[in-house]
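Single-structure report; data block below.
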Amino acid sequence: MRFEESHYIGYDGTQMFMNTWLPEKDQPRAVLIAVHGLGTHGGVFKGLAEYFAERGLAVFAPDMRGFGHYSGLKGHVMNFDEYIEDLQNLIVQVKNRHPNKLTFLLGHSLGAQHVIRYLATYPKEVDGAIIQCPAVSERLHISPGKKLAGHLLSVLNVKMYFKNEVDLSLISHDPEVQRYHEADPLRFDMVTPRFGISGLRAAQEAFRAATRIQVPVLLQQAGDDRLVEASKSRLFFDSLASEDKSWIQYDGYYHEIFSEVGKERVLEDIEKWLERRLVA
């Protein structure tokens, strides 16, 4: 297994950073593209990516627009549809590098929201998706006054920042993971009003998009998730149009299940799900 720092080109020509983990001979059995959540970056998937690269998959973990190594305005997009088109560009570039390979998306939290909205827009580009704790709901404590101010400032496109309200102690029970996030120089926990309001709208759109998703889906949900509502994730899952869908809930787990205490079970479940499709 080997690691590369690389780049991909966004929908508007912007060059953005990407982490890449490859099998030793660069002849992958399949491709896995992992999409990170709010405030973080592709590097958080290091453990997950190494696990699957060692099992013969090529894993690509991009920094999404506005986060990680992004060179423009952090914590900001004009419209969440930009993420859909960035993903489409990325997938085309990855497929050009690895033609005729099964390609799967994995999204966590806000990254899962991006994946859901991408699948609803481009239903035939990938061969399946792993959706983890999707941001189709939110449990963040945002006051009505703050939402009203956010709407007004969003309309005016004011470039000021709000905290994203994510409590890092509720990400994982593992104190090492909490310390990593607290000290991570690439983490950015501020968003502009336009980003915040667009994200809330996109969450509602993603929830409604379930009926348009037909690719195979594995939905993994933390049972003790304090950032999204597990019950809403279940309603989303039940509404999926896909005939090939699987639900796994991890009781007692916090939001970032791929780095939780007991993450081995999460990775093994993904591996089993992928293996059934690679064999077929």
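If you're wondering about the labels, chains in the structure tokens are A, B, ... by order shown, residues count from 1 in each chain, ligands from 1 in order shown.
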
Rows by chain and residue number, region 76-150 of chain A within 9 Å of region 202-209 of chain A, shortest pair, only C-alpha atoms, as CSV:
residue,atom,partner,partner_atom,distance
A:Phe80,CA,A:Ala202,CA,6.8
A:Asp81,CA,A:Ala202,CA,8.6
A:Leu110,CA,A:Ala203,CA,8.6
A:Gln113,CA,A:Ala206,CA,6.1
A:His114,CA,A:Ala206,CA,8.2
A:Ile116,CA,A:Ala206,CA,6.0
A:Arg117,CA,A:Ala206,CA,5.6
A:Leu119,CA,A:Ala209,CA,8.7
A:Ala120,CA,A:Ala209,CA,6.0
A:Pro134,CA,A:Ala203,CA,8.9
A:Ala135,CA,A:Ala203,CA,6.1
A:Val136,CA,A:Ala203,CA,4.5
A:Ser137,CA,A:Ala203,CA,6.3
A:Glu138,CA,A:Ala203,CA,8.4

Query - Close residues, Pro28 (chain A) itself excluded, 6 Å, only C-alpha atoms, min 2 positions apart in chain, as a PyMOL selection string - result: chain A and resi 26+30+56-58

Go ahead and save the residues from that selection, with C-alpha atoms, as an mmCIF file, in the first residue's frame.
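Output saved as part23.cif:
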data_model
loop_
_atom_site.group_PDB
_atom_site.id
_atom_site.type_symbol
_atom_site.label_atom_id
_atom_site.label_comp_id
_atom_site.auth_asym_id
_atom_site.auth_seq_id
_atom_site.Cartn_x
_atom_site.Cartn_y
_atom_site.Cartn_z
ATOM 1 C CA ASP A 26 -1.541 0.227 -8.539
ATOM 2 C CA ALA A 30 -12.198 -1.354 -7.327
ATOM 3 C CA GLY A 56 -6.756 -4.067 -2.968
ATOM 4 C CA LEU A 57 -8.908 -0.948 -3.385
ATOM 5 C CA ALA A 58 -7.805 2.461 -4.620
#

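Near Lys74 (chain A), within 12 Å and counting only C-alpha atoms, sit A:Leu38, A:Gly39, A:Thr40, A:His41, A:Asp63, A:Met64, A:Arg65, A:Gly66, A:Phe67, A:Gly68, A:His69, A:Tyr70, A:Met78, A:Lys159, A:Met160, A:Tyr161, A:Phe162, A:Leu186, A:Arg187, A:Phe188, A:Asp189, A:Met190, A:Val191, A:Thr192, A:Phe195; same-chain residues fewer than 4 positions away were not included.
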
Requested in this report: Do a neighbour search on Asp244 (chain A) at 12 Å with only C-alpha atoms, toss out local chain neighbours closer than 6 positions, and write the hits as a ChimeraX atom specification.
Outcome: /A:127-129,213-219,237-238,273,276-277

Residues from the last selection, N, CA and C atoms, saved as an mmCIF file, in the first residue's frame:
data_model
loop_
_atom_site.group_PDB
_atom_site.id
_atom_site.type_symbol
_atom_site.label_atom_id
_atom_site.label_comp_id
_atom_site.auth_asym_id
_atom_site.auth_seq_id
_atom_site.Cartn_x
_atom_site.Cartn_y
_atom_site.Cartn_z
ATOM 1 N N ASP A 127 -21.315 2.629 -8.814
ATOM 2 C CA ASP A 127 -21.882 1.289 -8.668
ATOM 3 C C ASP A 127 -22.477 1.020 -7.289
ATOM 4 N N GLY A 128 -22.410 1.986 -6.406
ATOM 5 C CA GLY A 128 -22.991 1.821 -5.083
ATOM 6 C C GLY A 128 -22.462 2.881 -4.140
ATOM 7 N N ALA A 129 -23.072 2.965 -2.951
ATOM 8 C CA ALA A 129 -22.691 4.001 -1.999
ATOM 9 C C ALA A 129 -22.792 3.495 -0.570
ATOM 10 N N ILE A 213 -32.967 7.507 -5.602
ATOM 11 C CA ILE A 213 -31.687 6.785 -5.531
ATOM 12 C C ILE A 213 -31.930 5.287 -5.722
ATOM 13 N N GLN A 214 -31.285 4.722 -6.722
ATOM 14 C CA GLN A 214 -31.535 3.328 -7.073
ATOM 15 C C GLN A 214 -30.290 2.448 -7.020
ATOM 16 N N VAL A 215 -29.120 3.025 -6.809
ATOM 17 C CA VAL A 215 -27.912 2.205 -6.715
ATOM 18 C C VAL A 215 -27.905 1.446 -5.385
ATOM 19 N N PRO A 216 -27.133 0.374 -5.277
ATOM 20 C CA PRO A 216 -26.997 -0.315 -3.985
ATOM 21 C C PRO A 216 -26.485 0.635 -2.903
ATOM 22 N N VAL A 217 -27.069 0.535 -1.715
ATOM 23 C CA VAL A 217 -26.710 1.436 -0.616
ATOM 24 C C VAL A 217 -26.518 0.639 0.676
ATOM 25 N N LEU A 218 -25.426 0.925 1.359
ATOM 26 C CA LEU A 218 -25.232 0.498 2.746
ATOM 27 C C LEU A 218 -25.315 1.750 3.599
ATOM 28 N N LEU A 219 -26.292 1.806 4.510
ATOM 29 C CA LEU A 219 -26.406 2.955 5.408
ATOM 30 C C LEU A 219 -25.990 2.529 6.805
ATOM 31 N N PHE A 237 -33.683 6.020 4.949
ATOM 32 C CA PHE A 237 -33.358 4.683 4.442
ATOM 33 C C PHE A 237 -34.600 3.965 3.933
ATOM 34 N N ASP A 238 -35.665 4.013 4.711
ATOM 35 C CA ASP A 238 -36.899 3.328 4.317
ATOM 36 C C ASP A 238 -37.470 3.883 3.021
ATOM 37 N N TRP A 273 -19.825 -5.922 2.679
ATOM 38 C CA TRP A 273 -20.769 -5.379 1.694
ATOM 39 C C TRP A 273 -20.093 -5.215 0.334
ATOM 40 N N ARG A 276 -19.229 -8.689 -1.496
ATOM 41 C CA ARG A 276 -20.355 -9.334 -2.179
ATOM 42 C C ARG A 276 -20.543 -8.756 -3.572
ATOM 43 N N ARG A 277 -20.253 -7.498 -3.736
ATOM 44 C CA ARG A 277 -20.428 -6.860 -5.046
ATOM 45 C C ARG A 277 -19.216 -7.063 -5.946
#

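Of the residues under consideration (A:Thr211, A:Ser259, A:Asn79, A:Gln15), A:Asn79 shows the shortest atom-to-atom contact distance to Gly199 (chain A) when counting only C-alpha atoms.
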
Report task. Would you mind writing down, as a ChimeraX atom specification, each residue of region 77-239 of chain A that DSSP on the backbone assigns to alpha helix (DSSP H)? Result -> /A:81-97,110-121,144-156,175-183,193-208,230-239

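Using only C-alpha atoms, the smallest distance between any of A:Pro193, A:Ala183, A:Pro23, A:Phe45 and Gly75 (chain A) comes from A:Pro193.
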
Query raised in the report: region 106-232 of chain A: which residues are strand (DSSP E) by DSSP, as a count of residues only?
Result: 18

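The gap separating CA of Leu105 (chain A) from CA of Glu271 (chain A) is 13.5 Å, in Å to one decimal.
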
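Coordinates place CA of Thr103 (chain A) at a distance of 6.0 Å from CA of Leu32 (chain A).
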
**Report entry** Residue contacts of Val44 (chain A) (9 Å, only C-alpha atoms) excluding same-chain residues fewer than 6 positions away, as a VMD selection string
**Finding:** chain A and resid 36 61 181 259

Query raised in the report: Smallest atom-to-atom distance to Glu229 (chain A): which of A:Ile270, A:Arg265, A:Ser109, A:Ile248, using only C-alpha atoms?
Result: A:Ser109

Query - Using only C-alpha atoms: which of A:Gly111, A:Leu168, A:Cys133, A:Phe258 has the shortest distance to Ser231 (chain A) - result: A:Cys133

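Reported to one decimal place, the separation of CA of Lys272 (chain A) from CA of Gly223 (chain A) is 20.5 Å.
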
Query raised in the report: Got a sec: who's within 12 Å of Gln88 (chain A), counting only C-alpha atoms, leaving out chain neighbours fewer than 5 positions off, as a PyMOL selection string?
Result: chain A and resi 8-12+33+81-83+93-95+105+114-115+117-119+121-126

Query raised in the report: What's the 9 Å shell around Leu170 (chain A), counting only C-alpha atoms, without same-chain residues fewer than 3 positions away, as a PyMOL selection string?
Result: chain A and resi 166-167+173+178+225-227+254-256
